[in-house]
>>> print(open('work.txt').read())   # compact mmCIF, C-alpha atoms and all ligand atoms
# COMPACT_ATOMS: atom_id res chain seq x y z
CA MET N 1 -59.78 98.29 76.78
CA LEU N 2 -58.39 99.96 79.89
CA ARG N 3 -56.67 97.87 82.50
CA TYR N 4 -58.07 99.79 85.48
CA ASP N 5 -61.58 99.88 86.92
CA LYS N 6 -63.21 103.07 85.70
CA LEU N 7 -65.09 105.39 88.02
CA SER N 8 -68.81 105.95 87.45
CA ASN N 9 -69.79 108.62 84.94
CA GLN N 10 -71.78 110.22 87.79
CA LEU N 11 -68.48 111.61 89.09
CA TYR N 12 -67.73 113.33 85.78
CA ILE N 13 -71.31 114.62 85.48
CA ARG N 14 -70.93 116.21 88.95
CA ASN N 15 -67.48 117.59 88.15
CA ARG N 16 -68.78 119.31 85.03
CA ALA N 17 -71.76 120.70 86.91
CA LYS N 18 -69.39 122.22 89.47
CA PHE N 19 -67.34 123.85 86.72
CA ALA N 20 -70.44 125.06 84.85
CA ALA N 21 -71.75 126.68 88.04
CA GLN N 22 -68.75 129.01 88.01
CA MET N 23 -68.88 130.03 84.37
CA LYS N 24 -70.03 133.50 83.32
CA PRO N 25 -73.29 133.93 81.38
CA ALA N 26 -73.06 133.07 77.66
CA SER N 27 -69.63 131.52 78.02
CA LEU N 28 -68.17 128.29 76.76
CA ALA N 29 -65.14 126.32 77.94
CA ILE N 30 -62.83 124.07 75.93
CA PHE N 31 -60.53 121.31 77.23
CA ASN N 32 -58.06 119.23 75.17
CA SER N 33 -56.29 115.90 75.51
CA ASN N 34 -52.54 115.60 75.61
CA ASP N 35 -50.62 114.74 72.47
CA ILE N 36 -49.02 111.39 71.96
CA MET N 37 -45.44 112.57 72.33
CA PRO N 38 -42.87 111.61 69.67
CA THR N 39 -39.45 110.21 70.53
CA SER N 40 -37.31 109.72 67.38
CA ALA N 41 -37.96 108.16 63.98
CA ASP N 42 -41.47 106.70 64.21
CA GLY N 43 -41.33 106.15 67.97
CA THR N 44 -43.83 107.52 70.43
CA MET N 45 -44.15 107.64 74.18
CA ALA N 46 -47.02 105.93 75.94
CA PHE N 47 -50.12 108.11 75.98
CA LYS N 48 -50.74 110.05 79.20
CA GLN N 49 -54.06 111.84 79.35
CA ALA N 50 -54.21 115.52 80.34
CA THR N 51 -55.59 115.54 83.86
CA ASP N 52 -58.18 118.32 83.42
CA ILE N 53 -60.12 116.73 80.58
CA PHE N 54 -59.87 113.42 82.45
CA TYR N 55 -61.28 115.02 85.60
CA LEU N 56 -64.22 116.41 83.62
CA THR N 57 -64.98 113.39 81.40
CA GLY N 58 -63.07 110.22 82.33
CA VAL N 59 -62.07 110.01 78.65
CA ASP N 60 -58.60 108.46 78.52
CA GLN N 61 -57.99 108.87 74.81
CA GLU N 62 -55.86 111.13 72.61
CA GLU N 63 -57.30 113.84 70.32
CA SER N 64 -60.39 114.38 72.46
CA ILE N 65 -61.99 117.78 73.05
CA LEU N 66 -64.63 118.70 75.61
CA VAL N 67 -66.76 121.79 74.99
CA MET N 68 -69.06 123.04 77.74
CA PHE N 69 -71.64 125.70 76.90
CA PRO N 70 -74.27 125.66 79.68
CA ASP N 71 -76.25 128.60 78.21
CA SER N 72 -76.41 127.25 74.69
CA PHE N 73 -79.75 127.74 73.05
CA HIS N 74 -79.58 124.14 71.80
CA ALA N 75 -80.02 121.62 74.62
CA ASN N 76 -77.76 119.10 72.86
CA HIS N 77 -74.91 121.64 72.71
CA LYS N 78 -74.61 122.31 76.44
CA GLU N 79 -71.91 119.64 76.57
CA ILE N 80 -70.13 118.14 73.57
CA LEU N 81 -67.31 115.67 73.20
CA PHE N 82 -65.35 115.70 69.96
CA LEU N 83 -63.48 112.44 69.49
CA LYS N 84 -61.13 110.87 67.01
CA GLU N 85 -63.26 108.86 64.65
CA THR N 86 -62.97 105.16 65.12
CA ASN N 87 -62.87 103.00 61.99
CA GLU N 88 -61.92 99.55 60.78
CA ASN N 89 -58.34 100.42 59.98
CA ILE N 90 -57.76 101.90 63.44
CA ALA N 91 -59.49 98.88 64.95
CA ILE N 92 -57.07 96.54 63.15
CA TRP N 93 -53.87 98.38 64.08
CA GLU N 94 -54.53 100.01 67.44
CA GLY N 95 -57.81 98.58 68.66
CA ALA N 96 -61.03 100.51 68.30
CA LYS N 97 -61.37 103.95 69.89
CA LEU N 98 -64.46 105.02 71.83
CA ASP N 99 -67.68 105.03 69.84
CA GLN N 100 -70.53 107.39 70.74
CA LYS N 101 -72.26 105.00 73.09
CA GLU N 102 -69.03 104.09 74.90
CA ALA N 103 -68.06 107.74 75.20
CA PHE N 104 -71.43 108.46 76.80
CA ASP N 105 -71.02 105.51 79.19
CA VAL N 106 -67.61 106.77 80.27
CA SER N 107 -68.42 110.46 80.58
CA GLY N 108 -72.18 110.98 80.72
CA VAL N 109 -71.84 113.46 77.80
CA LYS N 110 -74.79 112.85 75.50
CA THR N 111 -73.57 114.67 72.40
CA VAL N 112 -70.53 113.06 70.84
CA TYR N 113 -69.22 114.21 67.45
CA TRP N 114 -66.16 113.22 65.45
CA LEU N 115 -63.32 115.71 65.33
CA ASP N 116 -63.85 116.61 61.67
CA GLN N 117 -67.09 118.36 62.70
CA PHE N 118 -65.33 120.61 65.21
CA ASP N 119 -64.81 123.71 63.05
CA ARG N 120 -68.35 123.76 61.69
CA ILE N 121 -70.05 123.17 65.06
CA MET N 122 -67.84 125.72 66.81
CA LYS N 123 -68.77 128.42 64.25
CA GLY N 124 -72.37 128.07 65.38
CA LEU N 125 -71.51 128.03 69.07
CA MET N 126 -69.17 130.99 68.82
CA SER N 127 -71.89 133.12 67.24
CA GLU N 128 -73.90 132.52 70.44
CA ALA N 129 -71.03 132.85 72.94
CA LYS N 130 -69.54 136.00 74.45
CA THR N 131 -66.72 134.54 76.54
CA VAL N 132 -64.46 131.54 76.02
CA TYR N 133 -62.60 129.81 78.85
CA LEU N 134 -59.26 128.43 77.70
CA ASN N 135 -57.22 126.04 79.78
CA THR N 136 -53.69 127.27 80.42
CA ASN N 137 -51.18 125.39 82.59
CA GLU N 138 -50.86 127.67 85.61
CA HIS N 139 -49.12 125.23 87.94
CA THR N 140 -46.62 127.46 89.73
CA ARG N 141 -43.79 124.95 89.27
CA ALA N 142 -44.47 123.99 85.66
CA THR N 143 -41.57 124.52 83.26
CA ILE N 144 -42.76 123.87 79.76
CA GLU N 145 -40.35 123.63 76.85
CA VAL N 146 -42.69 121.78 74.52
CA GLU N 147 -45.99 123.38 73.57
CA THR N 148 -48.88 121.17 74.67
CA ARG N 149 -51.86 120.37 72.49
CA GLU N 150 -53.93 122.53 74.83
CA ALA N 151 -51.60 125.52 74.43
CA ARG N 152 -51.37 125.07 70.66
CA PHE N 153 -55.12 124.89 70.42
CA GLY N 154 -55.55 128.03 72.54
CA LYS N 155 -53.26 130.05 70.28
CA ALA N 156 -54.94 128.92 67.06
CA PHE N 157 -58.43 129.40 68.45
CA ARG N 158 -57.76 132.95 69.60
CA ALA N 159 -56.37 133.77 66.19
CA GLN N 160 -59.52 132.39 64.59
CA TYR N 161 -61.90 134.27 66.94
CA PRO N 162 -59.92 137.36 67.95
CA VAL N 163 -62.71 139.61 69.24
CA HIS N 164 -64.42 137.30 71.73
CA THR N 165 -63.63 137.74 75.40
CA TYR N 166 -61.31 135.11 76.86
CA ASP N 167 -61.04 133.89 80.43
CA ARG N 168 -59.01 131.30 82.36
CA SER N 169 -60.26 127.88 83.42
CA ALA N 170 -57.23 127.27 85.61
CA PRO N 171 -58.31 129.12 88.78
CA ILE N 172 -61.65 127.28 88.75
CA MET N 173 -60.05 123.92 88.01
CA HIS N 174 -57.34 124.32 90.64
CA HIS N 175 -59.93 124.78 93.34
CA LEU N 176 -62.34 122.09 92.13
CA ARG N 177 -59.66 119.47 91.60
CA SER N 178 -58.11 120.08 95.01
CA ILE N 179 -61.26 118.90 96.78
CA LYS N 180 -61.52 115.20 96.16
CA GLU N 181 -64.84 113.41 95.67
CA PRO N 182 -65.36 110.08 97.48
CA GLU N 183 -64.81 108.09 94.27
CA GLU N 184 -61.50 109.85 93.74
CA ILE N 185 -60.40 109.06 97.27
CA GLU N 186 -61.23 105.43 96.57
CA GLN N 187 -59.00 105.51 93.50
CA LEU N 188 -56.19 107.20 95.43
CA GLN N 189 -56.53 104.50 98.08
CA ARG N 190 -56.21 101.81 95.43
CA ALA N 191 -53.02 103.44 94.14
CA SER N 192 -51.70 103.50 97.71
CA ASN N 193 -52.63 99.88 98.29
CA ILE N 194 -50.65 98.83 95.23
CA THR N 195 -47.70 100.85 96.50
CA LYS N 196 -48.01 99.00 99.82
CA LYS N 197 -47.97 95.58 98.15
CA SER N 198 -44.87 96.52 96.23
CA LEU N 199 -43.07 97.75 99.33
CA ASP N 200 -43.89 94.47 101.10
CA ARG N 201 -42.22 92.69 98.22
CA VAL N 202 -39.17 94.96 98.28
CA LEU N 203 -38.68 94.58 102.04
CA LYS N 204 -38.25 90.85 101.50
CA PHE N 205 -36.03 91.34 98.47
CA VAL N 206 -33.35 93.79 99.58
CA LYS N 207 -29.98 92.53 100.74
CA PRO N 208 -26.39 93.71 100.36
CA GLY N 209 -25.25 93.66 96.74
CA VAL N 210 -28.59 94.37 95.05
CA LYS N 211 -28.65 97.13 92.47
CA GLU N 212 -30.97 100.08 92.92
CA TYR N 213 -32.58 99.26 89.56
CA GLU N 214 -33.31 95.73 90.70
CA ILE N 215 -35.38 97.27 93.49
CA GLU N 216 -37.08 99.52 90.93
CA ALA N 217 -37.94 96.38 88.95
CA GLU N 218 -39.52 94.73 92.01
CA PHE N 219 -41.77 97.76 92.47
CA MET N 220 -42.73 97.79 88.81
CA HIS N 221 -43.46 94.07 88.83
CA GLU N 222 -45.98 94.44 91.61
CA PHE N 223 -47.48 97.61 90.10
CA LEU N 224 -48.17 96.04 86.71
CA ARG N 225 -49.65 92.82 88.03
CA ASN N 226 -52.13 94.91 90.05
CA GLY N 227 -53.53 96.95 87.17
CA SER N 228 -51.32 100.00 87.57
CA ARG N 229 -49.69 101.34 84.43
CA GLY N 230 -46.52 102.06 86.36
CA PHE N 231 -44.84 104.70 88.46
CA ALA N 232 -46.85 107.85 89.15
CA TYR N 233 -43.55 109.76 88.77
CA THR N 234 -39.94 108.90 88.08
CA PRO N 235 -38.87 106.77 91.04
CA ILE N 236 -35.95 107.59 93.30
CA ILE N 237 -34.10 104.55 94.63
CA ALA N 238 -31.11 106.10 96.33
CA SER N 239 -28.67 104.16 98.49
CA GLY N 240 -26.08 105.76 100.77
CA PHE N 241 -24.91 109.19 99.60
CA ASN N 242 -27.34 109.16 96.65
CA ALA N 243 -30.16 109.82 99.13
CA CYS N 244 -28.69 113.30 99.64
CA VAL N 245 -29.15 114.07 95.93
CA LEU N 246 -32.79 115.12 96.10
CA HIS N 247 -33.71 114.33 92.51
CA TYR N 248 -31.48 111.27 92.06
CA ILE N 249 -33.16 109.08 89.41
CA GLU N 250 -30.24 107.08 87.97
CA ASN N 251 -31.02 104.16 90.29
CA SER N 252 -27.85 102.47 89.09
CA ALA N 253 -25.71 101.96 92.19
CA THR N 254 -25.07 98.80 94.20
CA CYS N 255 -26.61 98.85 97.69
CA LYS N 256 -23.93 98.17 100.28
CA ASP N 257 -24.08 96.68 103.74
CA GLY N 258 -24.45 99.44 106.33
CA GLU N 259 -26.15 101.91 103.99
CA VAL N 260 -29.73 103.17 104.09
CA ILE N 261 -31.77 103.24 100.86
CA LEU N 262 -34.20 106.11 100.34
CA MET N 263 -37.07 104.98 98.09
CA ASP N 264 -39.48 107.66 96.83
CA VAL N 265 -41.92 105.65 94.72
CA GLY N 266 -45.63 105.47 94.07
CA ALA N 267 -47.95 103.54 91.79
CA GLU N 268 -50.49 105.24 89.58
CA TYR N 269 -53.93 103.70 89.31
CA GLY N 270 -56.54 104.88 86.82
CA ASN N 271 -54.53 108.09 86.40
CA TYR N 272 -54.51 108.79 90.16
CA ALA N 273 -51.16 109.00 91.92
CA SER N 274 -49.66 107.80 95.14
CA ASP N 275 -46.48 109.31 96.53
CA MET N 276 -44.58 107.40 99.20
CA THR N 277 -41.09 107.58 100.64
CA ARG N 278 -39.54 104.93 102.87
CA CYS N 279 -35.97 104.46 104.03
CA ILE N 280 -34.69 100.98 104.70
CA PRO N 281 -31.36 99.53 105.86
CA VAL N 282 -29.56 97.40 103.25
CA SER N 283 -28.56 94.90 105.95
CA GLY N 284 -32.05 94.67 107.45
CA ARG N 285 -30.96 96.51 110.63
CA PHE N 286 -30.49 100.25 111.16
CA THR N 287 -27.47 101.41 113.14
CA ALA N 288 -28.20 103.42 116.31
CA ARG N 289 -27.19 106.63 114.50
CA GLN N 290 -29.40 105.89 111.51
CA LYS N 291 -32.31 105.12 113.81
CA SER N 292 -31.91 108.36 115.76
CA ILE N 293 -32.10 110.39 112.53
CA TYR N 294 -34.99 108.23 111.32
CA ASN N 295 -36.96 108.75 114.51
CA ALA N 296 -36.40 112.50 114.43
CA VAL N 297 -37.91 112.61 110.93
CA LEU N 298 -40.77 110.37 112.05
CA ARG N 299 -41.59 112.65 114.99
CA VAL N 300 -41.71 115.69 112.70
CA MET N 301 -43.91 113.76 110.27
CA ARG N 302 -46.39 112.74 112.95
CA GLU N 303 -46.61 116.26 114.40
CA ALA N 304 -46.93 117.78 110.95
CA MET N 305 -49.89 115.53 110.18
CA THR N 306 -51.86 116.99 113.08
CA LEU N 307 -51.19 120.54 111.84
CA LEU N 308 -52.85 119.95 108.48
CA ARG N 309 -56.47 120.74 109.25
CA PRO N 310 -59.31 122.75 107.75
CA GLY N 311 -58.76 126.47 108.16
CA ALA N 312 -54.97 126.25 108.44
CA TYR N 313 -52.77 128.00 105.85
CA LEU N 314 -50.04 126.11 104.03
CA HIS N 315 -47.37 128.81 104.42
CA GLU N 316 -48.06 129.00 108.17
CA TYR N 317 -47.96 125.20 108.38
CA HIS N 318 -44.61 125.09 106.61
CA LYS N 319 -43.23 127.59 109.13
CA GLN N 320 -44.46 125.46 112.02
CA VAL N 321 -42.90 122.33 110.56
CA GLY N 322 -39.66 124.28 110.20
CA GLU N 323 -39.78 124.98 113.94
CA LEU N 324 -40.35 121.29 114.71
CA MET N 325 -37.41 120.37 112.52
CA THR N 326 -35.23 123.06 114.13
CA LYS N 327 -35.84 121.47 117.52
CA GLU N 328 -34.92 118.00 116.25
CA LEU N 329 -31.74 119.24 114.57
CA LEU N 330 -30.73 121.04 117.77
CA ASP N 331 -31.28 117.84 119.77
CA LEU N 332 -29.21 115.91 117.22
CA LYS N 333 -26.53 118.63 117.48
CA LEU N 334 -26.52 119.06 113.73
CA ILE N 335 -27.14 122.78 114.28
CA ASP N 336 -26.62 124.86 117.41
CA SER N 337 -28.47 127.71 119.06
CA HIS N 338 -26.01 130.19 117.57
CA ASP N 339 -26.95 129.02 114.05
CA VAL N 340 -30.62 129.57 114.93
CA ALA N 341 -30.04 132.97 116.57
CA LYS N 342 -28.32 134.39 113.50
CA GLN N 343 -30.44 132.62 110.89
CA ASP N 344 -31.80 134.35 107.80
CA PRO N 345 -35.62 134.14 108.08
CA ALA N 346 -35.76 133.57 104.33
CA TRP N 347 -33.48 130.51 104.64
CA PRO N 348 -33.57 129.33 108.29
CA ALA N 349 -30.80 127.18 109.76
CA TYR N 350 -32.80 123.94 109.50
CA LYS N 351 -32.75 124.29 105.69
CA LYS N 352 -29.14 123.12 105.70
CA TYR N 353 -30.45 119.60 106.39
CA PHE N 354 -34.08 119.87 105.25
CA MET N 355 -34.13 121.97 102.11
CA HIS N 356 -37.48 121.09 100.50
CA GLY N 357 -41.15 121.66 101.35
CA THR N 358 -43.08 119.35 103.66
CA SER N 359 -46.35 119.01 101.78
CA HIS N 360 -47.92 119.40 98.38
CA PHE N 361 -51.36 118.74 96.94
CA MET N 362 -51.68 115.26 95.41
CA GLY N 363 -54.28 113.66 93.16
CA LEU N 364 -54.44 113.09 89.42
CA ASP N 365 -51.10 114.86 89.26
CA VAL N 366 -48.46 113.97 91.83
CA HIS N 367 -47.84 117.64 92.47
CA ASP N 368 -51.51 118.30 92.06
CA VAL N 369 -53.17 121.63 91.40
CA GLY N 370 -54.59 123.57 94.34
CA LEU N 371 -54.73 127.11 95.67
CA TRP N 372 -51.76 127.55 98.02
CA ASP N 373 -52.88 130.87 99.47
CA ARG N 374 -56.33 129.75 100.54
CA PRO N 375 -57.17 127.92 103.80
CA ILE N 376 -56.99 124.14 103.83
CA GLU N 377 -60.37 122.44 103.29
CA ALA N 378 -61.81 119.01 104.00
CA GLY N 379 -61.28 116.85 100.92
CA HIS N 380 -57.82 118.20 100.19
CA VAL N 381 -55.15 115.54 99.77
CA PHE N 382 -51.58 116.32 100.83
CA THR N 383 -48.31 114.51 101.18
CA VAL N 384 -46.36 114.92 104.41
CA GLU N 385 -42.68 114.40 103.70
CA PRO N 386 -40.07 115.77 106.07
CA GLY N 387 -36.46 114.70 105.66
CA ILE N 388 -32.96 115.09 107.02
CA TYR N 389 -30.04 114.86 104.59
CA ILE N 390 -26.52 114.63 106.03
CA ARG N 391 -24.08 114.62 103.14
CA GLU N 392 -21.04 114.24 105.38
CA GLU N 393 -22.51 110.96 106.69
CA SER N 394 -23.83 109.73 103.31
CA LEU N 395 -27.22 109.46 104.96
CA GLY N 396 -30.56 110.83 103.80
CA ILE N 397 -33.85 110.03 105.51
CA ARG N 398 -37.24 111.11 104.18
CA LEU N 399 -40.60 109.65 105.12
CA GLU N 400 -43.71 110.41 103.10
CA ASN N 401 -47.38 109.49 103.41
CA ASP N 402 -50.50 110.82 101.65
CA LEU N 403 -53.38 112.22 103.72
CA VAL N 404 -56.98 113.17 103.04
CA ILE N 405 -58.06 116.13 105.17
CA THR N 406 -61.41 115.66 106.92
CA GLU N 407 -63.57 118.03 109.01
CA ASN N 408 -61.95 116.75 112.21
CA GLY N 409 -58.50 115.63 111.17
CA PHE N 410 -57.24 113.37 108.42
CA VAL N 411 -57.36 109.91 106.93
CA ASP N 412 -53.91 108.50 106.21
CA LEU N 413 -54.10 106.65 102.88
CA MET N 414 -50.83 104.92 103.82
CA LYS N 415 -51.67 103.96 107.38
CA ASP N 416 -51.15 100.26 106.57
CA ILE N 417 -47.71 100.74 105.07
CA PRO N 418 -44.86 99.92 107.48
CA LEU N 419 -43.44 103.17 108.79
CA GLU N 420 -41.68 102.69 112.13
CA ALA N 421 -38.03 101.69 111.94
CA GLU N 422 -38.65 98.54 114.00
CA HIS N 423 -41.57 97.54 111.79
CA ILE N 424 -39.41 97.94 108.69
CA GLU N 425 -36.72 95.77 110.29
CA GLU N 426 -39.28 93.16 111.27
CA CYS N 427 -40.61 92.91 107.70
CA MET N 428 -37.08 92.69 106.29
CA ASN N 429 -36.12 89.90 108.67
CA ALA N 430 -39.33 87.89 108.63
CA GLY N 431 -38.41 84.30 107.81
CA VAL N 432 -34.68 84.96 108.14
CA THR N 433 -33.02 82.67 110.68
CA VAL N 434 -30.01 84.10 112.46
N1 LIG O 501 -41.95 112.21 94.51
C1 LIG O 501 -42.05 113.58 94.39
C2 LIG O 501 -42.33 114.20 95.66
O1 LIG O 501 -42.18 113.57 96.69
O2 LIG O 501 -42.76 115.31 95.73
MN MN O 502 -42.37 111.50 96.89
MN MN O 503 -44.17 114.20 97.43
>>> encode(input="work.txt", output="structure tokens", more="lines below")
Ligand code: GLY
Ligand code: MN
Ligand code: MN
Amino acid sequence: MLRYDKLSNQLYIRNRAKFAAQMKPASLAIFNSNDIMPTSADGTMAFKQATDIFYLTGVDQEESILVMFPDSFHANHKEILFLKETNENIAIWEGAKLDQKEAFDVSGVKTVYWLDQFDRIMKGLMSEAKTVYLNTNEHTRATIEVETREARFGKAFRAQYPVHTYDRSAPIMHHLRSIKEPEEIEQLQRASNITKKSLDRVLKFVKPGVKEYEIEAEFMHEFLRNGSRGFAYTPIIASGFNACVLHYIENSATCKDGEVILMDVGAEYGNYASDMTRCIPVSGRFTARQKSIYNAVLRVMREAMTLLRPGAYLHEYHKQVGELMTKELLDLKLIDSHDVAKQDPAWPAYKKYFMHGTSHFMGLDVHDVGLWDRPIEAGHVFTVEPGIYIREESLGIRLENDLVITENGFVDLMKDIPLEAEHIEECMNAGVTV
């Protein structure tokens, strides 16, 4: 039994139809689940479904395979799910896996076989097929040390059928997945709403002396009680100087009076992510200096949001945001006009204080797949996350919301989450008598 509300199988039926429409004649496509990853001895990590097969089927179960063969001569082989067989022993130890009827209800795939039939069925299909689409991880920032089930499958399958033509699913999937369907936006909104609830809780909780991991626990508490399975990515709870360490994930320090805490956290819901960053004062009040940096970041964020619109290009957008940030850093006197005049275009002066990108695709994966060199389209979902990190002042400010691009602008999935410095202070001090 899953703890989240599933989306209708109509979504998955549509998603498969969109993929099938882009396949070559007489081709089939194969998608695999993730492995259950081992730890040590007989330990395993919690199962995390591979996002592509989830996008195409809604099946949230290990050892599942989707085969799509739109031109198959046999009507019942146009779409097939191969699943791990469920049996009494599995039911006793792990709980039953999907049976055929349940798998159909989840995915809308009518033909469901057990995995042990895979080799035999595929022999028949491969004698009909000319081209096979395999699903390689082509995320530009992926670094993969451990071979995934998908990659392992691809290697073995090509060895078994060496003279078929092979093609890549990834370019098709990256485009399809980047344009979110209404049901997906609903799920992303639910993830965001859980993140909001947890921030509300944290704003009341934080005071001098709390540990960063105590704050992490408050987030997790609210996530779990709302049907989330946890953080959509490893959370960053970084007080004081730690906020200047971009990938700080120790979350072990004590939050001290006078410091600002950078919190980059988001709940997952039904495998969809949310990705939020807020910065809050440990004492409940920002200093004037902290607020001036905060408001500079907020201005850049608000301007950046208006630049993300259909037809715009992400690399152009990032350049424009760099110009906005340059202006703010000049006003703050963190850089001067001489720094700007002699700057290296490949690493402009503003990068000294704002060294990461402003936006990335978001969806089933936090850094979701999408085509970075194509114009922005309605239905894309992006984060907007400018920041200023001043190591010499032990101060790092980043603000991050998630937006859905529409024909005329955007919908901010985090519009109800406190963002302005004064609003944050108000929430932190509500009920406190001075
Ligand atoms: N939390 C990861 C990111 O903001 O991109
Ligand atoms: Mn983030
Ligand atoms: Mn982000």
>>> closest_atom_pairs(input="work.txt", of="chain N", to="ligand LIG 501 (chain O)", cutoff="12 Å", atoms="only C-alpha atoms and all ligand atoms", output="tab-separated table")
residue	atom	partner	partner_atom	distance
N:Arg141	CA	O:LIG501	O2	11.6
N:Phe231	CA	O:LIG501	N1	10.1
N:Ala232	CA	O:LIG501	N1	8.5
N:Tyr233	CA	O:LIG501	N1	6.4
N:Thr234	CA	O:LIG501	N1	7.5
N:Pro235	CA	O:LIG501	N1	7.1
N:Ile236	CA	O:LIG501	N1	7.7
N:Ile237	CA	O:LIG501	N1	11.0
N:Leu246	CA	O:LIG501	O1	9.5
N:His247	CA	O:LIG501	C1	8.6
N:Tyr248	CA	O:LIG501	N1	10.8
N:Ile249	CA	O:LIG501	N1	10.6
N:Leu262	CA	O:LIG501	N1	11.5
N:Met263	CA	O:LIG501	N1	9.4
N:Asp264	CA	O:LIG501	N1	5.7
N:Val265	CA	O:LIG501	N1	6.6
N:Gly266	CA	O:LIG501	N1	7.7
N:Ala267	CA	O:LIG501	N1	10.9
N:Ala273	CA	O:LIG501	N1	10.1
N:Ser274	CA	O:LIG501	N1	8.9
N:Asp275	CA	O:LIG501	N1	5.7
N:Met276	CA	O:LIG501	O1	7.1
N:Thr277	CA	O:LIG501	O1	7.3
N:Arg278	CA	O:LIG501	O1	10.9
N:His356	CA	O:LIG501	O2	9.2
N:Gly357	CA	O:LIG501	O2	8.6
N:Thr358	CA	O:LIG501	O2	8.9
N:Ser359	CA	O:LIG501	O2	7.9
N:His360	CA	O:LIG501	O2	7.1
N:Phe361	CA	O:LIG501	O2	9.3
N:Met362	CA	O:LIG501	O2	8.9
N:Gly363	CA	O:LIG501	O2	11.9
N:Asp365	CA	O:LIG501	C1	10.5
N:Val366	CA	O:LIG501	C1	6.9
N:His367	CA	O:LIG501	O2	6.5
N:Asp368	CA	O:LIG501	O2	9.9
N:Phe382	CA	O:LIG501	O2	10.2
N:Thr383	CA	O:LIG501	O1	7.7
N:Val384	CA	O:LIG501	O1	8.9
N:Glu385	CA	O:LIG501	O1	7.1
N:Pro386	CA	O:LIG501	O1	9.9
N:Gly387	CA	O:LIG501	O1	10.7
N:Arg398	CA	O:LIG501	O1	9.3
N:Leu399	CA	O:LIG501	O1	9.4
N:Glu400	CA	O:LIG501	O1	7.3
N:Asn401	CA	O:LIG501	O1	9.4
N:Asp402	CA	O:LIG501	O1	10.1
>>> write_last_selection(input="work.txt", atoms="C-alpha atoms", output="mmCIF file, in the frame of the given file")
data_model
loop_
_atom_site.group_PDB
_atom_site.id
_atom_site.type_symbol
_atom_site.label_atom_id
_atom_site.label_comp_id
_atom_site.auth_asym_id
_atom_site.auth_seq_id
_atom_site.Cartn_x
_atom_site.Cartn_y
_atom_site.Cartn_z
ATOM 1 C CA ARG N 141 -43.790 124.950 89.270
ATOM 2 C CA PHE N 231 -44.840 104.700 88.460
ATOM 3 C CA ALA N 232 -46.850 107.850 89.150
ATOM 4 C CA TYR N 233 -43.550 109.760 88.770
ATOM 5 C CA THR N 234 -39.940 108.900 88.080
ATOM 6 C CA PRO N 235 -38.870 106.770 91.040
ATOM 7 C CA ILE N 236 -35.950 107.590 93.300
ATOM 8 C CA ILE N 237 -34.100 104.550 94.630
ATOM 9 C CA LEU N 246 -32.790 115.120 96.100
ATOM 10 C CA HIS N 247 -33.710 114.330 92.510
ATOM 11 C CA TYR N 248 -31.480 111.270 92.060
ATOM 12 C CA ILE N 249 -33.160 109.080 89.410
ATOM 13 C CA LEU N 262 -34.200 106.110 100.340
ATOM 14 C CA MET N 263 -37.070 104.980 98.090
ATOM 15 C CA ASP N 264 -39.480 107.660 96.830
ATOM 16 C CA VAL N 265 -41.920 105.650 94.720
ATOM 17 C CA GLY N 266 -45.630 105.470 94.070
ATOM 18 C CA ALA N 267 -47.950 103.540 91.790
ATOM 19 C CA ALA N 273 -51.160 109.000 91.920
ATOM 20 C CA SER N 274 -49.660 107.800 95.140
ATOM 21 C CA ASP N 275 -46.480 109.310 96.530
ATOM 22 C CA MET N 276 -44.580 107.400 99.200
ATOM 23 C CA THR N 277 -41.090 107.580 100.640
ATOM 24 C CA ARG N 278 -39.540 104.930 102.870
ATOM 25 C CA HIS N 356 -37.480 121.090 100.500
ATOM 26 C CA GLY N 357 -41.150 121.660 101.350
ATOM 27 C CA THR N 358 -43.080 119.350 103.660
ATOM 28 C CA SER N 359 -46.350 119.010 101.780
ATOM 29 C CA HIS N 360 -47.920 119.400 98.380
ATOM 30 C CA PHE N 361 -51.360 118.740 96.940
ATOM 31 C CA MET N 362 -51.680 115.260 95.410
ATOM 32 C CA GLY N 363 -54.280 113.660 93.160
ATOM 33 C CA ASP N 365 -51.100 114.860 89.260
ATOM 34 C CA VAL N 366 -48.460 113.970 91.830
ATOM 35 C CA HIS N 367 -47.840 117.640 92.470
ATOM 36 C CA ASP N 368 -51.510 118.300 92.060
ATOM 37 C CA PHE N 382 -51.580 116.320 100.830
ATOM 38 C CA THR N 383 -48.310 114.510 101.180
ATOM 39 C CA VAL N 384 -46.360 114.920 104.410
ATOM 40 C CA GLU N 385 -42.680 114.400 103.700
ATOM 41 C CA PRO N 386 -40.070 115.770 106.070
ATOM 42 C CA GLY N 387 -36.460 114.700 105.660
ATOM 43 C CA ARG N 398 -37.240 111.110 104.180
ATOM 44 C CA LEU N 399 -40.600 109.650 105.120
ATOM 45 C CA GLU N 400 -43.710 110.410 103.100
ATOM 46 C CA ASN N 401 -47.380 109.490 103.410
ATOM 47 C CA ASP N 402 -50.500 110.820 101.650
#
>>> atom_distance(input="work.txt", atom1="atom CA of N:Ala346", atom2="atom CA of N:Leu324")
16.7 Å
>>> closest_residue(input="work.txt", among="N:Thr195, N:Tyr12, N:Val106, N:Lys84", to="ligand MN 502 (chain O)", atoms="all atoms listed in the file")
N:Thr195
>>> axis_aligned_box(input="work.txt", around="stretch 314-319 of chain N", padding_each_side="6 Å", output="lines of an AutoDock Vina configuration file")
center_x = -46.6
center_y = 127.0
center_z = 106.6
size_x = 18.8
size_y = 15.9
size_z = 17.1
>>> atom_distance(input="work.txt", atom1="atom CA of N:Phe205", atom2="atom CA of N:Leu413")
24.1 Å
